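S.K.: The structure file query16.txt (compact mmCIF, N, CA and C atoms) is provided below.
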# COMPACT_ATOMS: atom_id res chain seq x y z
N MET A 1 -145.47 -127.19 48.64
CA MET A 1 -145.46 -127.11 47.19
C MET A 1 -144.24 -126.32 46.74
N ASN A 2 -143.72 -126.69 45.58
CA ASN A 2 -142.61 -125.93 45.01
C ASN A 2 -143.15 -124.83 44.09
N ARG A 3 -142.26 -124.06 43.51
CA ARG A 3 -142.62 -122.91 42.68
C ARG A 3 -143.57 -123.31 41.54
N ASP A 4 -143.21 -124.34 40.79
CA ASP A 4 -144.03 -124.74 39.64
C ASP A 4 -145.40 -125.25 40.06
N GLU A 5 -145.45 -126.00 41.14
CA GLU A 5 -146.73 -126.49 41.64
C GLU A 5 -147.62 -125.32 42.08
N LEU A 6 -147.03 -124.36 42.77
CA LEU A 6 -147.80 -123.20 43.19
C LEU A 6 -148.29 -122.39 42.00
N LEU A 7 -147.46 -122.21 41.00
CA LEU A 7 -147.87 -121.48 39.81
C LEU A 7 -149.04 -122.18 39.13
N GLY A 8 -148.96 -123.49 39.00
CA GLY A 8 -150.07 -124.25 38.42
C GLY A 8 -151.34 -124.13 39.23
N GLU A 9 -151.21 -124.16 40.54
CA GLU A 9 -152.38 -124.03 41.42
C GLU A 9 -152.98 -122.63 41.34
N ILE A 10 -152.14 -121.60 41.27
CA ILE A 10 -152.63 -120.22 41.13
C ILE A 10 -153.39 -120.08 39.82
N ALA A 11 -152.83 -120.60 38.74
CA ALA A 11 -153.51 -120.52 37.44
C ALA A 11 -154.85 -121.26 37.49
N ARG A 12 -154.87 -122.43 38.10
CA ARG A 12 -156.12 -123.20 38.21
C ARG A 12 -157.16 -122.42 39.00
N LEU A 13 -156.74 -121.83 40.11
CA LEU A 13 -157.67 -121.06 40.94
C LEU A 13 -158.22 -119.84 40.19
N ILE A 14 -157.41 -119.22 39.36
CA ILE A 14 -157.90 -118.09 38.56
C ILE A 14 -158.96 -118.58 37.57
N VAL A 15 -158.66 -119.67 36.89
CA VAL A 15 -159.58 -120.18 35.86
C VAL A 15 -160.94 -120.56 36.46
N VAL A 16 -160.95 -121.12 37.66
CA VAL A 16 -162.22 -121.55 38.26
C VAL A 16 -162.86 -120.49 39.16
N ASP A 17 -162.19 -119.38 39.39
CA ASP A 17 -162.74 -118.34 40.25
C ASP A 17 -164.02 -117.76 39.65
N PRO A 18 -165.12 -117.71 40.40
CA PRO A 18 -166.39 -117.21 39.86
C PRO A 18 -166.30 -115.77 39.35
N LYS A 19 -165.59 -114.92 40.04
CA LYS A 19 -165.48 -113.52 39.61
C LYS A 19 -164.63 -113.41 38.34
N ALA A 20 -163.46 -114.07 38.33
CA ALA A 20 -162.56 -113.98 37.17
C ALA A 20 -163.15 -114.67 35.94
N SER A 21 -164.06 -115.60 36.14
CA SER A 21 -164.63 -116.31 34.99
C SER A 21 -166.05 -115.86 34.66
N GLU A 22 -166.48 -114.74 35.22
CA GLU A 22 -167.85 -114.30 34.96
C GLU A 22 -168.05 -113.86 33.51
N ARG A 23 -166.98 -113.53 32.82
CA ARG A 23 -167.04 -113.20 31.39
C ARG A 23 -165.94 -113.99 30.69
N PRO A 24 -166.17 -114.40 29.45
CA PRO A 24 -165.17 -115.22 28.76
C PRO A 24 -163.87 -114.43 28.49
N TRP A 25 -162.78 -115.17 28.43
CA TRP A 25 -161.50 -114.55 28.10
C TRP A 25 -160.60 -115.58 27.44
N ASP A 26 -159.69 -115.06 26.59
CA ASP A 26 -158.69 -115.94 26.00
C ASP A 26 -157.31 -115.69 26.60
N GLY A 27 -157.17 -114.61 27.34
CA GLY A 27 -155.95 -114.31 28.06
C GLY A 27 -156.29 -113.63 29.37
N TYR A 28 -155.42 -113.83 30.35
CA TYR A 28 -155.67 -113.24 31.66
C TYR A 28 -154.34 -112.89 32.29
N ALA A 29 -154.30 -111.77 33.01
CA ALA A 29 -153.09 -111.38 33.74
C ALA A 29 -153.49 -110.97 35.15
N LEU A 30 -152.68 -111.38 36.10
CA LEU A 30 -152.91 -111.03 37.50
C LEU A 30 -151.63 -110.39 38.04
N ILE A 31 -151.78 -109.22 38.64
CA ILE A 31 -150.66 -108.53 39.27
C ILE A 31 -150.86 -108.62 40.78
N ALA A 32 -149.90 -109.20 41.46
CA ALA A 32 -149.89 -109.22 42.94
C ALA A 32 -148.84 -108.21 43.36
N TRP A 33 -149.28 -107.15 44.03
CA TRP A 33 -148.41 -106.05 44.41
C TRP A 33 -148.28 -106.00 45.93
N TYR A 34 -147.04 -105.97 46.41
CA TYR A 34 -146.76 -105.93 47.84
C TYR A 34 -146.00 -104.65 48.16
N GLY A 35 -146.56 -103.86 49.08
CA GLY A 35 -145.92 -102.63 49.53
C GLY A 35 -145.67 -102.71 51.02
N ASP A 36 -145.40 -101.58 51.62
CA ASP A 36 -145.12 -101.53 53.04
C ASP A 36 -146.38 -101.83 53.85
N GLY A 37 -146.46 -103.06 54.34
CA GLY A 37 -147.58 -103.46 55.18
C GLY A 37 -148.89 -103.67 54.46
N MET A 38 -148.89 -103.71 53.14
CA MET A 38 -150.14 -103.94 52.41
C MET A 38 -149.86 -104.71 51.13
N HIS A 39 -150.90 -105.27 50.59
CA HIS A 39 -150.79 -105.92 49.28
C HIS A 39 -152.13 -105.78 48.57
N ARG A 40 -152.08 -105.94 47.26
CA ARG A 40 -153.31 -105.87 46.48
C ARG A 40 -153.16 -106.69 45.21
N LEU A 41 -154.31 -107.13 44.71
CA LEU A 41 -154.37 -107.86 43.45
C LEU A 41 -155.12 -107.02 42.43
N ASN A 42 -154.64 -107.09 41.19
CA ASN A 42 -155.35 -106.49 40.06
C ASN A 42 -155.34 -107.51 38.94
N GLY A 43 -156.51 -107.90 38.48
CA GLY A 43 -156.62 -108.84 37.39
C GLY A 43 -157.19 -108.18 36.15
N PHE A 44 -156.81 -108.72 34.99
CA PHE A 44 -157.29 -108.20 33.71
C PHE A 44 -157.64 -109.37 32.80
N ARG A 45 -158.80 -109.27 32.16
CA ARG A 45 -159.20 -110.27 31.17
C ARG A 45 -158.98 -109.68 29.79
N TYR A 46 -158.65 -110.55 28.85
CA TYR A 46 -158.42 -110.15 27.47
C TYR A 46 -159.22 -111.10 26.59
N ASP A 47 -159.94 -110.56 25.63
CA ASP A 47 -160.74 -111.42 24.76
C ASP A 47 -160.75 -110.85 23.35
N LYS A 48 -160.38 -111.70 22.40
CA LYS A 48 -160.45 -111.36 20.97
C LYS A 48 -159.72 -110.07 20.62
N GLY A 49 -158.54 -109.86 21.20
CA GLY A 49 -157.72 -108.71 20.87
C GLY A 49 -158.19 -107.38 21.43
N GLN A 50 -159.24 -107.40 22.23
CA GLN A 50 -159.75 -106.17 22.82
C GLN A 50 -158.81 -105.68 23.92
N PRO A 51 -158.91 -104.40 24.30
CA PRO A 51 -158.10 -103.91 25.42
C PRO A 51 -158.40 -104.70 26.69
N GLY A 52 -157.43 -104.76 27.56
CA GLY A 52 -157.61 -105.46 28.83
C GLY A 52 -158.70 -104.81 29.66
N GLU A 53 -159.48 -105.66 30.30
CA GLU A 53 -160.59 -105.18 31.13
C GLU A 53 -160.34 -105.61 32.57
N PRO A 54 -160.37 -104.69 33.53
CA PRO A 54 -160.17 -105.08 34.92
C PRO A 54 -161.18 -106.14 35.35
N LEU A 55 -160.68 -107.20 35.93
CA LEU A 55 -161.51 -108.29 36.44
C LEU A 55 -160.66 -109.09 37.42
N THR A 56 -160.71 -108.72 38.68
CA THR A 56 -159.86 -109.31 39.71
C THR A 56 -160.59 -110.46 40.40
N PRO A 57 -159.91 -111.60 40.56
CA PRO A 57 -160.55 -112.73 41.24
C PRO A 57 -160.87 -112.40 42.69
N ALA A 58 -161.86 -113.10 43.22
CA ALA A 58 -162.31 -112.86 44.59
C ALA A 58 -161.75 -113.87 45.58
N SER A 59 -161.05 -114.88 45.12
CA SER A 59 -160.62 -115.99 45.96
C SER A 59 -159.50 -115.61 46.93
N VAL A 60 -159.77 -115.83 48.20
CA VAL A 60 -158.74 -115.65 49.23
C VAL A 60 -157.65 -116.71 49.05
N GLU A 61 -158.04 -117.86 48.53
CA GLU A 61 -157.08 -118.94 48.32
C GLU A 61 -155.97 -118.52 47.34
N ILE A 62 -156.29 -117.71 46.35
CA ILE A 62 -155.26 -117.21 45.42
C ILE A 62 -154.25 -116.38 46.21
N GLU A 63 -154.74 -115.52 47.08
CA GLU A 63 -153.84 -114.70 47.90
C GLU A 63 -152.95 -115.58 48.78
N ASN A 64 -153.52 -116.63 49.35
CA ASN A 64 -152.73 -117.54 50.18
C ASN A 64 -151.64 -118.23 49.38
N ARG A 65 -151.97 -118.67 48.18
CA ARG A 65 -150.98 -119.33 47.33
C ARG A 65 -149.89 -118.35 46.89
N LEU A 66 -150.26 -117.10 46.64
CA LEU A 66 -149.26 -116.09 46.28
C LEU A 66 -148.31 -115.84 47.44
N GLU A 67 -148.83 -115.84 48.66
CA GLU A 67 -147.96 -115.70 49.84
C GLU A 67 -146.98 -116.86 49.93
N GLN A 68 -147.48 -118.07 49.66
CA GLN A 68 -146.59 -119.23 49.66
C GLN A 68 -145.54 -119.11 48.56
N LEU A 69 -145.96 -118.66 47.38
CA LEU A 69 -145.03 -118.48 46.27
C LEU A 69 -143.96 -117.46 46.63
N ARG A 70 -144.35 -116.42 47.30
CA ARG A 70 -143.40 -115.38 47.71
C ARG A 70 -142.34 -115.97 48.64
N LYS A 71 -142.76 -116.88 49.51
CA LYS A 71 -141.81 -117.51 50.44
C LYS A 71 -140.87 -118.48 49.73
N VAL A 72 -141.43 -119.34 48.87
CA VAL A 72 -140.58 -120.37 48.24
C VAL A 72 -139.65 -119.80 47.17
N THR A 73 -139.95 -118.63 46.65
CA THR A 73 -139.09 -118.03 45.63
C THR A 73 -138.10 -117.02 46.20
N GLN A 74 -138.19 -116.75 47.50
CA GLN A 74 -137.27 -115.78 48.09
C GLN A 74 -135.86 -116.36 48.13
N VAL A 75 -134.92 -115.56 47.68
CA VAL A 75 -133.51 -115.94 47.68
C VAL A 75 -132.93 -115.60 49.06
N ALA A 76 -132.20 -116.52 49.64
CA ALA A 76 -131.62 -116.31 50.97
C ALA A 76 -130.80 -115.03 51.00
N GLY A 77 -131.04 -114.22 52.03
CA GLY A 77 -130.29 -112.98 52.20
C GLY A 77 -130.81 -111.81 51.40
N LYS A 78 -131.87 -112.02 50.63
CA LYS A 78 -132.44 -110.94 49.81
C LYS A 78 -133.91 -110.75 50.16
N ALA A 79 -134.39 -109.56 49.86
CA ALA A 79 -135.82 -109.28 50.08
C ALA A 79 -136.65 -110.07 49.06
N PRO A 80 -137.87 -110.46 49.44
CA PRO A 80 -138.73 -111.15 48.48
C PRO A 80 -139.18 -110.20 47.38
N TRP A 81 -139.70 -110.79 46.31
CA TRP A 81 -140.21 -109.95 45.23
C TRP A 81 -141.33 -109.06 45.75
N ARG A 82 -141.49 -107.93 45.08
CA ARG A 82 -142.52 -106.96 45.46
C ARG A 82 -143.75 -107.06 44.57
N VAL A 83 -143.53 -107.54 43.34
CA VAL A 83 -144.63 -107.71 42.38
C VAL A 83 -144.46 -109.04 41.68
N CYS A 84 -145.58 -109.73 41.53
CA CYS A 84 -145.61 -110.97 40.76
C CYS A 84 -146.68 -110.79 39.69
N ILE A 85 -146.33 -111.11 38.47
CA ILE A 85 -147.28 -111.01 37.36
C ILE A 85 -147.47 -112.42 36.79
N VAL A 86 -148.70 -112.90 36.84
CA VAL A 86 -149.06 -114.20 36.30
C VAL A 86 -149.86 -113.95 35.02
N ARG A 87 -149.41 -114.57 33.93
CA ARG A 87 -150.10 -114.43 32.65
C ARG A 87 -150.57 -115.80 32.18
N ILE A 88 -151.83 -115.85 31.73
CA ILE A 88 -152.40 -117.10 31.24
C ILE A 88 -152.86 -116.88 29.81
N HIS A 89 -152.42 -117.76 28.92
CA HIS A 89 -152.90 -117.77 27.53
C HIS A 89 -153.71 -119.05 27.39
N ARG A 90 -155.01 -118.90 27.38
CA ARG A 90 -155.92 -120.05 27.49
C ARG A 90 -155.79 -121.03 26.33
N ALA A 91 -155.74 -120.58 25.09
CA ALA A 91 -155.73 -121.48 23.94
C ALA A 91 -154.54 -122.43 23.96
N ASP A 92 -153.39 -121.93 24.41
CA ASP A 92 -152.18 -122.75 24.46
C ASP A 92 -151.95 -123.39 25.82
N ALA A 93 -152.83 -123.10 26.77
CA ALA A 93 -152.68 -123.57 28.15
C ALA A 93 -151.30 -123.22 28.70
N GLU A 94 -150.85 -122.00 28.38
CA GLU A 94 -149.55 -121.53 28.85
C GLU A 94 -149.72 -120.57 30.02
N VAL A 95 -148.83 -120.73 30.98
CA VAL A 95 -148.80 -119.84 32.14
C VAL A 95 -147.37 -119.32 32.26
N ALA A 96 -147.24 -118.02 32.39
CA ALA A 96 -145.92 -117.41 32.56
C ALA A 96 -145.94 -116.56 33.82
N ILE A 97 -144.77 -116.36 34.39
CA ILE A 97 -144.67 -115.59 35.62
C ILE A 97 -143.44 -114.69 35.55
N ASP A 98 -143.59 -113.49 36.06
CA ASP A 98 -142.49 -112.54 36.16
C ASP A 98 -142.51 -111.94 37.55
N PHE A 99 -141.32 -111.59 38.04
CA PHE A 99 -141.19 -110.97 39.35
C PHE A 99 -140.52 -109.61 39.21
N GLU A 100 -140.92 -108.68 40.05
CA GLU A 100 -140.30 -107.35 40.11
C GLU A 100 -139.74 -107.16 41.52
N TYR A 101 -138.47 -106.82 41.58
CA TYR A 101 -137.81 -106.60 42.86
C TYR A 101 -137.48 -105.12 43.10
N GLU A 102 -137.14 -104.42 42.04
CA GLU A 102 -136.56 -103.08 42.16
C GLU A 102 -137.55 -101.93 42.08
N ASP A 103 -138.51 -102.01 41.17
CA ASP A 103 -139.38 -100.86 40.90
C ASP A 103 -140.85 -101.27 40.92
N PRO A 104 -141.39 -101.58 42.09
CA PRO A 104 -142.78 -102.04 42.15
C PRO A 104 -143.78 -100.96 41.75
N GLY A 105 -143.40 -99.71 41.88
CA GLY A 105 -144.32 -98.62 41.54
C GLY A 105 -144.78 -98.63 40.10
N ARG A 106 -143.98 -99.18 39.21
CA ARG A 106 -144.38 -99.20 37.80
C ARG A 106 -145.52 -100.17 37.53
N TRP A 107 -145.85 -101.00 38.53
CA TRP A 107 -146.95 -101.95 38.40
C TRP A 107 -148.12 -101.62 39.31
N TYR A 108 -148.08 -100.49 39.99
CA TYR A 108 -149.16 -100.10 40.89
C TYR A 108 -150.31 -99.52 40.07
N VAL A 109 -151.44 -100.17 40.09
CA VAL A 109 -152.57 -99.79 39.25
C VAL A 109 -153.37 -98.67 39.92
N THR A 110 -153.55 -97.59 39.17
CA THR A 110 -154.38 -96.47 39.59
C THR A 110 -155.36 -96.17 38.46
N PRO A 111 -156.35 -95.34 38.69
CA PRO A 111 -157.25 -94.98 37.58
C PRO A 111 -156.51 -94.38 36.39
N ASP A 112 -155.43 -93.67 36.65
CA ASP A 112 -154.66 -93.07 35.55
C ASP A 112 -153.77 -94.06 34.83
N SER A 113 -153.36 -95.14 35.50
CA SER A 113 -152.41 -96.08 34.89
C SER A 113 -153.04 -97.38 34.44
N VAL A 114 -154.30 -97.61 34.74
CA VAL A 114 -154.92 -98.91 34.51
C VAL A 114 -154.83 -99.37 33.05
N ALA A 115 -155.13 -98.53 32.10
CA ALA A 115 -155.12 -98.95 30.69
C ALA A 115 -153.70 -99.27 30.22
N GLU A 116 -152.75 -98.45 30.61
CA GLU A 116 -151.36 -98.65 30.19
C GLU A 116 -150.79 -99.93 30.81
N ILE A 117 -151.05 -100.16 32.09
CA ILE A 117 -150.55 -101.37 32.74
C ILE A 117 -151.25 -102.61 32.18
N ALA A 118 -152.53 -102.52 31.94
CA ALA A 118 -153.26 -103.66 31.35
C ALA A 118 -152.64 -104.06 30.02
N GLU A 119 -152.21 -103.11 29.24
CA GLU A 119 -151.58 -103.42 27.96
C GLU A 119 -150.19 -104.02 28.16
N ARG A 120 -149.46 -103.52 29.15
CA ARG A 120 -148.10 -104.04 29.42
C ARG A 120 -148.12 -105.48 29.89
N VAL A 121 -149.15 -105.89 30.61
CA VAL A 121 -149.17 -107.27 31.13
C VAL A 121 -149.94 -108.24 30.23
N ARG A 122 -150.40 -107.77 29.09
CA ARG A 122 -151.18 -108.61 28.15
C ARG A 122 -150.44 -109.92 27.88
N PRO A 123 -151.11 -111.06 28.06
CA PRO A 123 -150.46 -112.34 27.86
C PRO A 123 -150.41 -112.83 26.42
N CYS A 124 -151.21 -112.26 25.54
CA CYS A 124 -151.25 -112.80 24.18
C CYS A 124 -150.87 -111.77 23.15
Have the structure of the file written as structure tokens, please.

M.R.:
Amino acid sequence: MNRDELLGEIARLIVVDPKASERPWDGYALIAWYGDGMHRLNGFRYDKGQPGEPLTPASVEIENRLEQLRKVTQVAGKAPWRVCIVRIHRADAEVAIDFEYEDPGRWYVTPDSVAEIAERVRPC
């Protein structure tokens, strides 16, 4: 699969994921964070202008597709991205993606940073 196909598949997997869809949302953001020997996902649902609420999908398949995306988007001779942010705006069926190469720490979700990061990745 190419970049666009993988992005579409990741968005589809988020929409149908039982955990991510357990509560309604009109916007969704997923942060895939890769550090030294580890990675993690943090998802946020947004509904009716309310603050983002943590809601991370449970699908291993999403993680597999993100790994594939990391490989197909890597530029020869450069390190792969460290953070990928997928944003979905449900009403417009829009999916956007951003990559972070230089400062992955600004996207690392902790109890102290969760509300601020949820607002920064808001898709709508």

S.K.: Residues of chain A in alpha helix (DSSP H) according to DSSP, as number ranges by chain?

M.R.: A: 3-16, 60-72, 114-120

S.K.: Given only C-alpha atoms as the basis, pick out the residue of A:Gly35, A:Ala11, A:Arg122, A:Glu63 nearest to Glu100 (chain A).

M.R.: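 Smallest separation from Glu100 (chain A) among the options: A:Gly35.
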
S.K.: For Phe99 (chain A), which of A:Ile31, A:Tyr46, A:Ser113, A:Glu61 is the closest residue, counting only C-alpha atoms?

M.R.: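 Result for the nearest residue to Phe99 (chain A): A:Ile31.
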
S.K.: Using only C-alpha atoms, pick whichever of A:Leu69, A:Val83, A:Val114, A:Ala76 has the shortest atom-to-atom distance to Leu7 (chain A).

M.R.: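 Once distances to Leu7 (chain A) are computed over only C-alpha atoms, the minimum belongs to A:Leu69.
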
S.K.: Give me, as a PyMOL selection string, all polymer residues having an atom no more than 8 Å from region 103-112 of chain A, counting all atoms listed in the file and skipping those fewer than 6 positions away in the same chain.

M.R.: chain A and resi 31-34+42+82-83+118

S.K.: In Å, with one decimal, what is the gap from CA of Val15 (chain A) to CA of His39 (chain A)?

M.R.: 21.5 Å

S.K.: Give the strand (DSSP E or B) residues of region 27-106 of chain A, as DSSP finds them on the backbone, and put them as a PyMOL selection string.

M.R.: chain A and resi 27-35+38-46+53-54+83-89+94-100

S.K.: Point out the residue among A:Leu55, A:Ile62, A:Leu13, A:Ala91 with the least atom-to-atom distance to Trp25 (chain A), counting all atoms listed in the file.

M.R.: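 Using all atoms listed in the file, the shortest distance to Trp25 (chain A) belongs to A:Ala91.
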
S.K.: Just checking: using only C-alpha atoms, which residue out of A:Ile117, A:Arg65, A:Pro80, A:Val60 ends up closest to Asp4 (chain A)?

M.R.: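 Nearest to Asp4 (chain A): A:Arg65.
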
S.K.: List the spatial neighbours of region 93-98 of chain A as a CSV table (one decimal) with N, CA and C atoms, keeping the file's coordinate frame - criterion: any atom at most 8 Å away, all atoms listed in the file, same-chain residues fewer than 4 positions off excluded.

M.R.:
chain,number,residue,atom,x,y,z
A,7,LEU,N,-147.5,-122.2,41.0
A,7,LEU,CA,-147.9,-121.5,39.8
A,7,LEU,C,-149.0,-122.2,39.1
A,8,GLY,N,-149.0,-123.5,39.0
A,8,GLY,CA,-150.1,-124.2,38.4
A,8,GLY,C,-151.3,-124.1,39.2
A,11,ALA,N,-152.8,-120.6,38.7
A,11,ALA,CA,-153.5,-120.5,37.4
A,11,ALA,C,-154.8,-121.3,37.5
A,83,VAL,N,-143.5,-107.5,43.3
A,83,VAL,CA,-144.6,-107.7,42.4
A,83,VAL,C,-144.5,-109.0,41.7
A,84,CYS,N,-145.6,-109.7,41.5
A,84,CYS,CA,-145.6,-111.0,40.8
A,84,CYS,C,-146.7,-110.8,39.7
A,85,ILE,N,-146.3,-111.1,38.5
A,85,ILE,CA,-147.3,-111.0,37.4
A,85,ILE,C,-147.5,-112.4,36.8
A,86,VAL,N,-148.7,-112.9,36.8
A,86,VAL,CA,-149.1,-114.2,36.3
A,86,VAL,C,-149.9,-114.0,35.0
A,87,ARG,N,-149.4,-114.6,33.9
A,87,ARG,CA,-150.1,-114.4,32.6
A,87,ARG,C,-150.6,-115.8,32.2
A,88,ILE,N,-151.8,-115.8,31.7
A,88,ILE,CA,-152.4,-117.1,31.2
A,88,ILE,C,-152.9,-116.9,29.8
A,89,HIS,N,-152.4,-117.8,28.9
A,89,HIS,CA,-152.9,-117.8,27.5
A,89,HIS,C,-153.7,-119.0,27.4
A,123,PRO,N,-151.1,-111.1,28.1
A,123,PRO,CA,-150.5,-112.3,27.9
A,123,PRO,C,-150.4,-112.8,26.4

S.K.: Go through A:Asp47, A:Asp92, A:Glu22, A:Asp17 and flag the residue nearest Ser59 (chain A), using all atoms listed in the file for the distances.

M.R.: A:Asp17
